[in-house]
Amino acid sequence: MSDTSEIPDLGAAYESLRADREAMSWTERRELAALLTDAIDDDTAADTAISLVYLFAEDPKPEVRKEVADLLIRVPDDDFMKLAAGLSDDTSSFVRKAVERAMDRRRRGLRDSQRKRRTIDEVEAQLDSIGKYHGKLAADRARKVADRQFDILVGAIVHDIRGILSPLKTNVSTLKAHIDSGHPDQTECRENLDRMTERLAFLERFVEDMRTYSQATPVERHRERVADMVKEATGIVVDELRGRGYDLDAVPLSVDVPGNLTAEVARYQIVATVAHVLKNAFEAFEMQGAMQDERSIEVTAAQRDAGNVEIVVRNSGPGIPPEDLADIQMFLPGKTTKKNRGGTGFGLPTAYRYAQGHGGSLAIENGEGVGTVVTITLPVEQEEDKA
(Lines give C-alpha, C1' and ligand atoms only; values in the text may rest on other atoms or scores of the structure.)
Protein backbone atom coordinates (compact mmCIF):
# COMPACT_ATOMS: atom_id res chain seq x y z
CA MET A 1 0.00 0.00 0.00
CA SER A 2 1.47 3.34 -1.00
CA ASP A 3 0.26 5.42 1.96
CA THR A 4 -1.74 3.76 4.72
CA SER A 5 -2.31 7.10 6.46
CA GLU A 6 -4.74 8.13 3.72
CA ILE A 7 -6.98 5.08 4.17
CA PRO A 8 -9.51 4.99 7.05
CA ASP A 9 -9.96 2.07 9.41
CA LEU A 10 -11.27 -0.47 6.92
CA GLY A 11 -12.40 -2.90 9.60
CA ALA A 12 -14.56 -0.29 11.31
CA ALA A 13 -15.90 0.91 7.97
CA TYR A 14 -16.84 -2.64 6.96
CA GLU A 15 -18.65 -3.40 10.25
CA SER A 16 -20.49 -0.09 10.10
CA LEU A 17 -21.61 -0.54 6.49
CA ARG A 18 -22.57 -4.16 6.96
CA ALA A 19 -24.89 -3.11 9.79
CA ASP A 20 -26.24 -0.06 7.97
CA ARG A 21 -25.54 0.67 4.29
CA GLU A 22 -26.50 4.29 4.87
CA ALA A 23 -23.90 4.75 7.61
CA MET A 24 -21.97 6.61 4.90
CA SER A 25 -23.29 8.80 2.13
CA TRP A 26 -23.00 7.33 -1.36
CA THR A 27 -20.21 9.80 -2.23
CA GLU A 28 -18.25 8.65 0.82
CA ARG A 29 -18.80 5.03 -0.18
CA ARG A 30 -17.56 5.80 -3.69
CA GLU A 31 -14.45 7.53 -2.35
CA LEU A 32 -13.72 4.61 -0.02
CA ALA A 33 -14.18 2.13 -2.87
CA ALA A 34 -11.64 4.10 -4.93
CA LEU A 35 -9.11 3.87 -2.07
CA LEU A 36 -9.33 0.08 -1.94
CA THR A 37 -7.01 -0.31 -4.94
CA ASP A 38 -3.93 0.20 -2.74
CA ALA A 39 -5.39 -1.65 0.24
CA ILE A 40 -5.82 -4.82 -1.83
CA ASP A 41 -2.03 -4.94 -2.30
CA ASP A 42 -1.36 -4.53 1.43
CA ASP A 43 -1.05 -7.93 3.16
CA THR A 44 -2.31 -6.48 6.45
CA ALA A 45 -5.45 -4.98 4.92
CA ALA A 46 -6.17 -7.17 1.89
CA ASP A 47 -8.81 -9.45 3.48
CA THR A 48 -10.86 -6.56 4.84
CA ALA A 49 -10.46 -4.66 1.56
CA ILE A 50 -11.81 -7.62 -0.43
CA SER A 51 -14.76 -7.89 1.98
CA LEU A 52 -15.55 -4.24 1.30
CA VAL A 53 -15.23 -4.84 -2.45
CA TYR A 54 -17.93 -7.51 -2.25
CA LEU A 55 -20.09 -5.18 -0.16
CA PHE A 56 -19.71 -2.31 -2.63
CA ALA A 57 -20.38 -4.63 -5.60
CA GLU A 58 -23.98 -4.80 -4.31
CA ASP A 59 -24.25 -1.10 -3.49
CA PRO A 60 -27.50 0.53 -4.63
CA LYS A 61 -25.59 3.37 -6.34
CA PRO A 62 -24.10 2.54 -9.77
CA GLU A 63 -21.33 5.11 -9.19
CA VAL A 64 -20.07 2.96 -6.31
CA ARG A 65 -20.40 -0.29 -8.26
CA LYS A 66 -18.40 1.25 -11.11
CA GLU A 67 -15.51 1.92 -8.71
CA VAL A 68 -15.55 -1.80 -7.94
CA ALA A 69 -15.54 -2.64 -11.65
CA ASP A 70 -12.55 -0.34 -12.19
CA LEU A 71 -10.46 -2.08 -9.52
CA LEU A 72 -11.29 -5.64 -10.62
CA ILE A 73 -7.91 -5.88 -12.33
CA ARG A 74 -6.25 -5.90 -8.87
CA VAL A 75 -8.27 -8.56 -7.03
CA PRO A 76 -7.19 -12.24 -6.77
CA ASP A 77 -8.30 -14.62 -9.53
CA ASP A 78 -11.08 -16.39 -7.60
CA ASP A 79 -12.58 -13.11 -6.44
CA PHE A 80 -12.24 -11.64 -9.91
CA MET A 81 -14.34 -14.39 -11.48
CA LYS A 82 -17.11 -14.07 -8.86
CA LEU A 83 -17.25 -10.29 -8.93
CA ALA A 84 -17.00 -10.01 -12.71
CA ALA A 85 -19.78 -12.57 -13.15
CA GLY A 86 -22.11 -10.57 -10.94
CA LEU A 87 -21.30 -7.12 -12.32
CA SER A 88 -21.43 -8.27 -15.96
CA ASP A 89 -25.23 -8.33 -15.63
CA ASP A 90 -25.44 -5.00 -13.82
CA THR A 91 -28.47 -2.83 -14.58
CA SER A 92 -26.16 0.12 -15.35
CA SER A 93 -24.56 0.16 -18.79
CA PHE A 94 -21.51 2.14 -17.66
CA VAL A 95 -20.86 -0.43 -14.92
CA ARG A 96 -21.08 -3.25 -17.49
CA LYS A 97 -18.68 -1.39 -19.80
CA ALA A 98 -16.24 -0.88 -16.92
CA VAL A 99 -16.35 -4.63 -16.26
CA GLU A 100 -15.67 -5.34 -19.94
CA ARG A 101 -12.64 -3.04 -19.85
CA ALA A 102 -11.38 -4.72 -16.69
CA MET A 103 -11.79 -8.18 -18.21
CA ASP A 104 -9.98 -7.07 -21.35
CA ARG A 105 -7.08 -5.64 -19.30
CA ARG A 106 -6.99 -8.84 -17.27
CA ARG A 107 -6.80 -10.97 -20.42
CA ARG A 108 -4.01 -8.80 -21.85
CA GLY A 109 -2.10 -9.03 -18.59
CA LEU A 110 -2.49 -12.82 -18.56
CA ARG A 111 -1.25 -13.09 -22.15
CA ASP A 112 1.76 -10.91 -21.36
CA SER A 113 2.51 -12.99 -18.27
CA GLN A 114 2.22 -16.24 -20.23
CA ARG A 115 4.45 -14.86 -22.98
CA LYS A 116 7.12 -13.89 -20.47
CA ARG A 117 6.83 -17.29 -18.81
CA ARG A 118 7.29 -19.04 -22.16
CA THR A 119 10.35 -16.93 -22.90
CA ILE A 120 11.92 -17.79 -19.54
CA ASP A 121 11.07 -21.47 -20.03
CA GLU A 122 12.69 -21.42 -23.49
CA VAL A 123 15.91 -20.01 -22.05
CA GLU A 124 15.95 -22.64 -19.32
CA ALA A 125 15.31 -25.35 -21.94
CA GLN A 126 18.28 -24.09 -23.98
CA LEU A 127 20.53 -24.19 -20.93
CA ASP A 128 19.31 -27.69 -20.08
CA SER A 129 20.04 -28.73 -23.65
CA ILE A 130 23.59 -27.35 -23.41
CA GLY A 131 24.07 -29.30 -20.19
CA LYS A 132 22.75 -32.47 -21.81
CA TYR A 133 24.98 -32.31 -24.89
CA HIS A 134 28.05 -30.49 -23.54
CA GLY A 135 28.02 -31.06 -19.78
CA LYS A 136 26.96 -29.14 -16.68
CA LEU A 137 30.15 -27.05 -16.63
CA ALA A 138 29.40 -25.70 -20.11
CA ALA A 139 25.79 -24.93 -19.12
CA ASP A 140 26.91 -23.11 -15.96
CA ARG A 141 29.41 -21.05 -17.91
CA ALA A 142 26.78 -20.21 -20.53
CA ARG A 143 24.45 -19.00 -17.78
CA LYS A 144 27.19 -16.84 -16.25
CA VAL A 145 28.03 -15.33 -19.64
CA ALA A 146 24.33 -14.61 -20.28
CA ASP A 147 23.94 -13.05 -16.84
CA ARG A 148 27.04 -10.92 -17.37
CA GLN A 149 25.85 -9.73 -20.78
CA PHE A 150 22.47 -8.89 -19.25
CA ASP A 151 24.16 -6.84 -16.53
CA ILE A 152 26.21 -4.93 -19.11
CA LEU A 153 23.21 -4.21 -21.33
CA VAL A 154 20.97 -3.11 -18.46
CA GLY A 155 23.73 -0.90 -17.06
CA ALA A 156 24.26 0.77 -20.43
CA ILE A 157 20.54 1.31 -21.00
CA VAL A 158 20.02 2.74 -17.50
CA HIS A 159 22.92 5.13 -18.14
CA ASP A 160 21.37 6.24 -21.43
CA ILE A 161 17.90 6.73 -19.93
CA ARG A 162 19.39 8.84 -17.15
CA GLY A 163 21.09 10.90 -19.84
CA ILE A 164 17.67 11.54 -21.38
CA LEU A 165 15.92 12.28 -18.08
CA SER A 166 18.54 14.62 -16.56
CA PRO A 167 18.04 17.50 -19.02
CA LEU A 168 14.29 16.87 -18.89
CA LYS A 169 14.33 17.35 -15.11
CA THR A 170 16.33 20.55 -15.62
CA ASN A 171 13.71 21.82 -18.07
CA VAL A 172 10.93 21.04 -15.59
CA SER A 173 12.75 22.87 -12.78
CA THR A 174 13.40 25.88 -15.01
CA LEU A 175 9.78 26.00 -16.14
CA LYS A 176 8.55 25.73 -12.54
CA ALA A 177 10.85 28.57 -11.52
CA HIS A 178 9.44 30.77 -14.29
CA ILE A 179 5.88 30.05 -13.18
CA ASP A 180 6.66 30.52 -9.47
CA SER A 181 8.23 33.91 -10.20
CA GLY A 182 4.74 35.31 -10.71
CA HIS A 183 5.79 36.93 -13.99
CA PRO A 184 6.61 34.03 -16.32
CA ASP A 185 8.13 34.90 -19.67
CA GLN A 186 5.95 33.20 -22.28
CA THR A 187 8.80 32.87 -24.77
CA GLU A 188 11.09 31.17 -22.25
CA CYS A 189 8.25 28.92 -21.05
CA ARG A 190 7.48 27.92 -24.64
CA GLU A 191 11.16 27.18 -25.33
CA ASN A 192 11.33 24.97 -22.23
CA LEU A 193 8.15 23.14 -23.23
CA ASP A 194 9.54 22.59 -26.73
CA ARG A 195 12.75 21.12 -25.30
CA MET A 196 10.75 18.90 -22.96
CA THR A 197 8.62 17.69 -25.88
CA GLU A 198 11.74 16.86 -27.87
CA ARG A 199 13.25 14.89 -24.98
CA LEU A 200 10.02 12.97 -24.40
CA ALA A 201 9.79 12.15 -28.11
CA PHE A 202 13.38 10.87 -28.01
CA LEU A 203 12.61 8.80 -24.91
CA GLU A 204 9.60 7.30 -26.65
CA ARG A 205 11.74 6.47 -29.69
CA PHE A 206 14.42 5.00 -27.45
CA VAL A 207 11.93 2.71 -25.68
CA GLU A 208 10.40 1.60 -28.99
CA ASP A 209 13.85 0.83 -30.43
CA MET A 210 14.67 -1.09 -27.27
CA ARG A 211 11.47 -3.13 -27.70
CA THR A 212 12.33 -3.84 -31.33
CA TYR A 213 15.83 -4.96 -30.34
CA SER A 214 14.41 -7.42 -27.81
CA GLN A 215 12.21 -9.25 -30.32
CA ALA A 216 13.39 -12.79 -30.94
CA THR A 217 13.68 -14.23 -34.43
CA PRO A 218 10.52 -16.22 -35.24
CA VAL A 219 10.95 -19.96 -35.67
CA GLU A 220 8.56 -19.96 -38.62
CA ARG A 221 10.20 -18.55 -41.75
CA HIS A 222 9.40 -18.47 -45.44
CA ARG A 223 11.39 -18.47 -48.64
CA GLU A 224 11.66 -14.90 -49.84
CA ARG A 225 13.25 -13.24 -52.84
CA VAL A 226 16.19 -11.10 -51.73
CA ALA A 227 15.43 -8.52 -54.43
CA ASP A 228 11.91 -8.02 -53.05
CA MET A 229 13.20 -7.51 -49.51
CA VAL A 230 15.84 -5.02 -50.63
CA LYS A 231 13.24 -3.13 -52.67
CA GLU A 232 10.88 -2.93 -49.67
CA ALA A 233 13.70 -1.77 -47.37
CA THR A 234 14.75 0.87 -49.91
CA GLY A 235 11.20 2.18 -50.12
CA ILE A 236 10.97 2.47 -46.32
CA VAL A 237 14.23 4.43 -46.10
CA VAL A 238 13.42 6.70 -49.04
CA ASP A 239 10.02 7.57 -47.59
CA GLU A 240 11.51 8.35 -44.16
CA LEU A 241 14.34 10.48 -45.52
CA ARG A 242 12.04 12.35 -47.88
CA GLY A 243 9.76 13.10 -44.94
CA ARG A 244 12.74 14.62 -43.14
CA GLY A 245 13.53 16.84 -46.11
CA TYR A 246 16.63 14.87 -47.14
CA ASP A 247 17.87 15.64 -50.68
CA LEU A 248 17.83 12.14 -52.15
CA ASP A 249 19.13 13.39 -55.50
CA ALA A 250 22.37 14.45 -53.76
CA VAL A 251 23.34 10.82 -53.09
CA PRO A 252 22.90 8.49 -56.10
CA LEU A 253 21.70 5.00 -55.11
CA SER A 254 22.29 1.94 -57.27
CA VAL A 255 20.80 -1.49 -56.58
CA ASP A 256 21.99 -4.68 -58.25
CA VAL A 257 20.28 -7.75 -56.82
CA PRO A 258 19.66 -10.82 -59.04
CA GLY A 259 16.03 -11.85 -59.09
CA ASN A 260 16.77 -15.54 -58.52
CA LEU A 261 18.37 -15.14 -55.07
CA THR A 262 16.23 -16.46 -52.21
CA ALA A 263 16.56 -17.21 -48.51
CA GLU A 264 14.39 -18.68 -45.78
CA VAL A 265 13.77 -15.78 -43.41
CA ALA A 266 11.35 -13.90 -41.20
CA ARG A 267 10.78 -11.26 -43.86
CA TYR A 268 10.06 -8.23 -41.69
CA GLN A 269 13.28 -8.71 -39.70
CA ILE A 270 15.50 -8.88 -42.77
CA VAL A 271 13.71 -5.92 -44.36
CA ALA A 272 14.34 -4.01 -41.12
CA THR A 273 18.00 -5.11 -41.14
CA VAL A 274 18.61 -3.84 -44.67
CA ALA A 275 16.68 -0.65 -43.92
CA HIS A 276 18.80 0.10 -40.81
CA VAL A 277 22.02 -0.36 -42.76
CA LEU A 278 20.83 1.62 -45.79
CA LYS A 279 19.63 4.52 -43.65
CA ASN A 280 23.02 4.65 -41.93
CA ALA A 281 24.64 4.80 -45.37
CA PHE A 282 22.62 7.88 -46.32
CA GLU A 283 23.15 9.53 -42.95
CA ALA A 284 26.92 9.14 -43.29
CA PHE A 285 26.83 11.98 -45.84
CA GLU A 286 25.11 14.30 -43.37
CA MET A 287 28.24 14.16 -41.23
CA GLN A 288 30.91 14.90 -43.80
CA GLY A 289 31.78 17.26 -46.61
CA ALA A 290 32.30 14.98 -49.58
CA MET A 291 32.06 16.57 -53.01
CA GLN A 292 28.79 16.13 -54.87
CA ASP A 293 30.25 13.80 -57.51
CA GLU A 294 31.92 11.61 -54.86
CA ARG A 295 28.67 10.64 -53.17
CA SER A 296 27.19 7.24 -53.93
CA ILE A 297 25.57 4.22 -52.31
CA GLU A 298 25.58 0.75 -53.83
CA VAL A 299 23.49 -2.24 -52.79
CA THR A 300 24.50 -5.57 -54.27
CA ALA A 301 23.73 -9.19 -53.51
CA ALA A 302 25.19 -12.49 -54.63
CA GLN A 303 25.33 -16.17 -53.79
CA ARG A 304 28.55 -16.52 -51.83
CA ASP A 305 28.47 -20.31 -51.80
CA ALA A 306 25.92 -23.10 -51.85
CA GLY A 307 24.68 -22.22 -48.38
CA ASN A 308 24.80 -18.43 -48.05
CA VAL A 309 23.65 -15.21 -49.67
CA GLU A 310 25.45 -11.90 -49.15
CA ILE A 311 23.83 -8.46 -49.24
CA VAL A 312 26.45 -5.71 -49.38
CA VAL A 313 25.79 -2.00 -48.80
CA ARG A 314 28.65 0.35 -49.73
CA ASN A 315 28.81 4.10 -49.37
CA SER A 316 31.52 6.48 -50.58
CA GLY A 317 31.42 8.58 -47.44
CA PRO A 318 34.40 9.47 -45.24
CA GLY A 319 34.48 6.13 -43.48
CA ILE A 320 34.43 5.66 -39.72
CA PRO A 321 37.24 6.80 -37.42
CA PRO A 322 39.13 3.74 -36.08
CA GLU A 323 38.24 4.50 -32.45
CA ASP A 324 34.53 4.68 -33.34
CA LEU A 325 34.67 1.63 -35.60
CA ALA A 326 36.02 -0.55 -32.79
CA ASP A 327 33.08 0.48 -30.59
CA ILE A 328 30.52 0.02 -33.37
CA GLN A 329 31.81 -3.48 -34.13
CA MET A 330 30.85 -4.52 -30.59
CA PHE A 331 27.19 -3.92 -31.60
CA LEU A 332 26.19 -2.87 -28.09
CA PRO A 333 22.65 -1.39 -28.06
CA GLY A 334 22.27 2.19 -26.92
CA LYS A 335 25.84 3.16 -27.78
CA THR A 336 26.15 6.03 -30.25
CA THR A 337 29.12 7.90 -31.67
CA LYS A 338 29.61 11.58 -30.90
CA LYS A 339 28.59 12.44 -34.44
CA ASN A 340 25.34 10.50 -34.20
CA ARG A 341 23.69 12.55 -31.49
CA GLY A 342 20.18 12.09 -32.88
CA GLY A 343 20.25 8.30 -32.91
CA THR A 344 19.20 5.97 -30.12
CA GLY A 345 22.05 3.53 -30.76
CA PHE A 346 19.78 0.56 -31.41
CA GLY A 347 19.63 0.53 -35.22
CA LEU A 348 22.80 -1.33 -36.14
CA PRO A 349 22.78 -3.63 -33.05
CA THR A 350 19.21 -4.62 -33.95
CA ALA A 351 20.26 -5.37 -37.53
CA TYR A 352 23.21 -7.41 -36.23
CA ARG A 353 20.95 -9.33 -33.83
CA TYR A 354 18.38 -10.09 -36.52
CA ALA A 355 21.07 -11.38 -38.90
CA GLN A 356 22.56 -13.58 -36.19
CA GLY A 357 19.11 -14.82 -35.23
CA HIS A 358 18.81 -16.22 -38.75
CA GLY A 359 22.09 -18.08 -38.43
CA GLY A 360 23.83 -15.41 -40.47
CA SER A 361 26.07 -12.47 -39.69
CA LEU A 362 26.57 -8.75 -40.14
CA ALA A 363 30.00 -7.17 -40.55
CA ILE A 364 30.95 -3.50 -40.87
CA GLU A 365 34.30 -2.17 -42.01
CA ASN A 366 35.84 0.78 -43.78
CA GLY A 367 36.27 0.42 -47.52
CA GLU A 368 39.60 0.51 -49.26
CA GLY A 369 40.57 4.15 -49.11
CA VAL A 370 37.07 5.55 -48.74
CA GLY A 371 33.59 4.77 -47.50
CA THR A 372 32.04 2.04 -45.40
CA VAL A 373 31.04 -1.50 -46.32
CA VAL A 374 28.36 -3.48 -44.47
CA THR A 375 27.96 -7.15 -45.36
CA ILE A 376 24.83 -9.08 -44.34
CA THR A 377 25.18 -12.84 -44.70
CA LEU A 378 22.09 -15.06 -44.65
CA PRO A 379 21.82 -18.85 -44.95
CA VAL A 380 19.82 -19.98 -47.96
CA GLU A 381 18.13 -22.73 -45.93
CA GLN A 382 16.84 -22.48 -42.38
CA GLU A 383 19.12 -24.39 -40.05
CA GLU A 384 17.67 -26.66 -37.40
CA ASP A 385 18.58 -25.86 -33.80
CA LYS A 386 21.18 -28.35 -32.73
CA ALA A 387 21.79 -26.98 -29.24
# chains A, B, ... in the order shown; residues from 1 in each chain; ligands from 1
$ select_by_dssp --residues "stretch 142-352 of chain A" --states "helix (DSSP H, G or I)" --output "NGL selection string"
:A and (142-180 or 186-214 or 226-243 or 248-250 or 267-287 or 292-294 or 322-328 or 347-352)
$ residues_around --residues "A:Glu220" --least-positions-apart "2" --cutoff "10 Å" --atoms "only C-alpha atoms" --output "ChimeraX atom specification"
/A:217-218,222,264-266,382
$ closest_residue --among "A:Gly109, A:Gly343, A:Gly307, A:Pro60" --to "A:Arg74" --atoms "only C-alpha atoms"
A:Gly109
$ closest_atom_pairs --of "stretch 175-224 of chain A" --to "stretch 346-349 of chain A" --cutoff "10 Å" --atoms "only C-alpha atoms" --output "CSV"
residue,atom,partner,partner_atom,distance
A:Phe206,CA,A:Phe346,CA,8.0
A:Val207,CA,A:Phe346,CA,10.0
A:Glu208,CA,A:Phe346,CA,9.7
A:Asp209,CA,A:Phe346,CA,6.0
A:Met210,CA,A:Phe346,CA,6.8
A:Arg211,CA,A:Phe346,CA,9.8
A:Thr212,CA,A:Phe346,CA,8.6
A:Tyr213,CA,A:Phe346,CA,6.9
$ write_last_selection --atoms "N, CA and C atoms" --output "PDB file, in the first residue's frame"
ATOM      1  N   PHE A 206      13.429   5.870 -28.079  1.00  0.00           N
ATOM      2  CA  PHE A 206      14.424   5.003 -27.446  1.00  0.00           C
ATOM      3  C   PHE A 206      13.763   3.725 -26.930  1.00  0.00           C
ATOM      4  N   VAL A 207      12.634   3.870 -26.228  1.00  0.00           N
ATOM      5  CA  VAL A 207      11.928   2.712 -25.679  1.00  0.00           C
ATOM      6  C   VAL A 207      11.414   1.805 -26.800  1.00  0.00           C
ATOM      7  N   GLU A 208      10.897   2.401 -27.872  1.00  0.00           N
ATOM      8  CA  GLU A 208      10.399   1.600 -28.992  1.00  0.00           C
ATOM      9  C   GLU A 208      11.540   0.846 -29.673  1.00  0.00           C
ATOM     10  N   ASP A 209      12.689   1.507 -29.837  1.00  0.00           N
ATOM     11  CA  ASP A 209      13.848   0.831 -30.432  1.00  0.00           C
ATOM     12  C   ASP A 209      14.345  -0.293 -29.525  1.00  0.00           C
ATOM     13  N   MET A 210      14.268  -0.066 -28.224  1.00  0.00           N
ATOM     14  CA  MET A 210      14.670  -1.088 -27.270  1.00  0.00           C
ATOM     15  C   MET A 210      13.735  -2.300 -27.380  1.00  0.00           C
ATOM     16  N   ARG A 211      12.433  -2.042 -27.529  1.00  0.00           N
ATOM     17  CA  ARG A 211      11.466  -3.133 -27.698  1.00  0.00           C
ATOM     18  C   ARG A 211      11.751  -3.911 -28.983  1.00  0.00           C
ATOM     19  N   THR A 212      12.033  -3.197 -30.054  1.00  0.00           N
ATOM     20  CA  THR A 212      12.332  -3.845 -31.333  1.00  0.00           C
ATOM     21  C   THR A 212      13.573  -4.723 -31.215  1.00  0.00           C
ATOM     22  N   TYR A 213      14.597  -4.201 -30.534  1.00  0.00           N
ATOM     23  CA  TYR A 213      15.835  -4.961 -30.342  1.00  0.00           C
ATOM     24  C   TYR A 213      15.584  -6.266 -29.603  1.00  0.00           C
TER      25      TYR A 213
END
$ atom_distance --atom1 "atom CA of A:Val374" --atom2 "atom CA of A:Arg314"
6.5 Å
$ residues_around --residues "A:Ile40" --least-positions-apart "2" --cutoff "12 Å" --atoms "only C-alpha atoms" --output "ChimeraX atom specification"
/A:1-2,4,7,10,33-38,42-53,68,71-76,79
$ write_last_selection --atoms "N, CA, C and O atoms" --output "short mmCIF file (atom, residue, chain, number, x, y, z; two decimals), in the first residue's frame"
data_model
loop_
_atom_site.label_atom_id
_atom_site.label_comp_id
_atom_site.auth_asym_id
_atom_site.auth_seq_id
_atom_site.Cartn_x
_atom_site.Cartn_y
_atom_site.Cartn_z
N MET A 1 0.85 -1.19 0.00
CA MET A 1 0.00 0.00 0.00
C MET A 1 0.88 1.23 0.00
O MET A 1 1.84 1.33 0.74
N SER A 2 0.58 2.20 -0.83
CA SER A 2 1.47 3.34 -1.00
C SER A 2 1.48 4.27 0.18
O SER A 2 2.51 4.78 0.56
N THR A 4 -0.66 4.25 3.88
CA THR A 4 -1.74 3.76 4.72
C THR A 4 -2.41 4.88 5.50
O THR A 4 -3.56 4.74 5.92
N ILE A 7 -5.87 6.02 4.20
CA ILE A 7 -6.98 5.08 4.17
C ILE A 7 -7.56 4.95 5.58
O ILE A 7 -6.83 4.72 6.55
N LEU A 10 -10.42 0.32 7.80
CA LEU A 10 -11.27 -0.47 6.92
C LEU A 10 -12.16 -1.42 7.71
O LEU A 10 -13.31 -1.68 7.33
N ALA A 33 -14.38 3.19 -1.87
CA ALA A 33 -14.18 2.13 -2.87
C ALA A 33 -12.97 2.43 -3.74
O ALA A 33 -12.17 1.54 -4.08
N ALA A 34 -12.79 3.71 -4.09
CA ALA A 34 -11.64 4.10 -4.93
C ALA A 34 -10.32 3.89 -4.19
O ALA A 34 -9.29 3.58 -4.80
N LEU A 35 -10.33 4.04 -2.87
CA LEU A 35 -9.11 3.87 -2.07
C LEU A 35 -8.71 2.41 -1.90
O LEU A 35 -7.58 2.12 -1.50
N LEU A 36 -9.62 1.50 -2.19
CA LEU A 36 -9.33 0.08 -1.94
C LEU A 36 -8.29 -0.50 -2.88
O LEU A 36 -7.74 -1.56 -2.62
N THR A 37 -8.00 0.18 -3.98
CA THR A 37 -7.01 -0.31 -4.94
C THR A 37 -5.67 -0.59 -4.26
O THR A 37 -5.07 -1.64 -4.43
N ASP A 38 -5.20 0.37 -3.45
CA ASP A 38 -3.93 0.20 -2.74
C ASP A 38 -4.06 -0.80 -1.60
O ASP A 38 -3.14 -1.58 -1.32
N ASP A 42 -1.97 -4.56 0.10
CA ASP A 42 -1.36 -4.53 1.43
C ASP A 42 -1.74 -5.81 2.17
O ASP A 42 -2.92 -6.05 2.45
N ASP A 43 -0.76 -6.65 2.51
CA ASP A 43 -1.05 -7.93 3.16
C ASP A 43 -1.85 -7.76 4.44
O ASP A 43 -2.67 -8.62 4.79
N THR A 44 -1.63 -6.67 5.17
CA THR A 44 -2.31 -6.48 6.45
C THR A 44 -3.76 -6.02 6.29
O THR A 44 -4.54 -6.08 7.24
N ALA A 45 -4.10 -5.52 5.11
CA ALA A 45 -5.45 -4.98 4.92
C ALA A 45 -6.22 -5.67 3.80
O ALA A 45 -7.39 -5.36 3.58
N ALA A 46 -5.57 -6.59 3.10
CA ALA A 46 -6.17 -7.17 1.89
C ALA A 46 -7.50 -7.87 2.16
O ALA A 46 -8.48 -7.68 1.41
N ASP A 47 -7.58 -8.68 3.21
CA ASP A 47 -8.81 -9.45 3.48
C ASP A 47 -10.00 -8.52 3.72
O ASP A 47 -11.09 -8.72 3.18
N THR A 48 -9.79 -7.51 4.55
CA THR A 48 -10.86 -6.56 4.84
C THR A 48 -11.22 -5.77 3.58
O THR A 48 -12.41 -5.49 3.32
N ALA A 49 -10.21 -5.41 2.80
CA ALA A 49 -10.46 -4.66 1.56
C ALA A 49 -11.32 -5.47 0.60
O ALA A 49 -12.26 -4.95 -0.01
N ILE A 50 -11.02 -6.77 0.47
CA ILE A 50 -11.81 -7.62 -0.43
C ILE A 50 -13.24 -7.74 0.09
O ILE A 50 -14.21 -7.75 -0.70
N SER A 51 -13.42 -7.82 1.41
CA SER A 51 -14.76 -7.89 1.98
C SER A 51 -15.55 -6.63 1.63
O SER A 51 -16.75 -6.69 1.29
N LEU A 52 -14.89 -5.49 1.68
CA LEU A 52 -15.55 -4.24 1.30
C LEU A 52 -15.87 -4.21 -0.20
O LEU A 52 -16.90 -3.67 -0.61
N VAL A 53 -14.98 -4.78 -1.01
CA VAL A 53 -15.23 -4.84 -2.45
C VAL A 53 -16.53 -5.59 -2.72
O VAL A 53 -17.37 -5.16 -3.52
N VAL A 68 -15.92 -0.39 -8.11
CA VAL A 68 -15.55 -1.80 -7.94
C VAL A 68 -15.13 -2.40 -9.28
O VAL A 68 -14.11 -3.11 -9.37
N LEU A 71 -11.58 -1.48 -10.25
CA LEU A 71 -10.46 -2.08 -9.52
C LEU A 71 -10.42 -3.60 -9.63
O LEU A 71 -9.59 -4.25 -8.98
N LEU A 72 -11.28 -4.18 -10.47
CA LEU A 72 -11.29 -5.64 -10.62
C LEU A 72 -9.94 -6.20 -11.06
O LEU A 72 -9.59 -7.33 -10.72
N ILE A 73 -9.20 -5.42 -11.80
CA ILE A 73 -7.91 -5.88 -12.33
C ILE A 73 -6.95 -6.24 -11.20
O ILE A 73 -6.03 -7.04 -11.38
N ARG A 74 -7.19 -5.71 -9.97
CA ARG A 74 -6.25 -5.90 -8.87
C ARG A 74 -6.62 -7.03 -7.93
O ARG A 74 -5.81 -7.41 -7.09
N VAL A 75 -7.84 -7.55 -8.01
CA VAL A 75 -8.27 -8.56 -7.03
C VAL A 75 -7.75 -9.95 -7.42
O VAL A 75 -7.45 -10.20 -8.60
N PRO A 76 -7.64 -10.88 -6.47
CA PRO A 76 -7.19 -12.24 -6.77
C PRO A 76 -8.11 -12.93 -7.79
O PRO A 76 -9.28 -12.55 -7.95
N ASP A 79 -11.68 -14.23 -6.69
CA ASP A 79 -12.58 -13.11 -6.44
C ASP A 79 -12.94 -12.39 -7.73
O ASP A 79 -14.08 -11.94 -7.91
#
$ closest_residue --among "A:His178, A:Arg18, A:His358, A:Lys61" --to "A:Thr377" --atoms "only C-alpha atoms"
A:His358
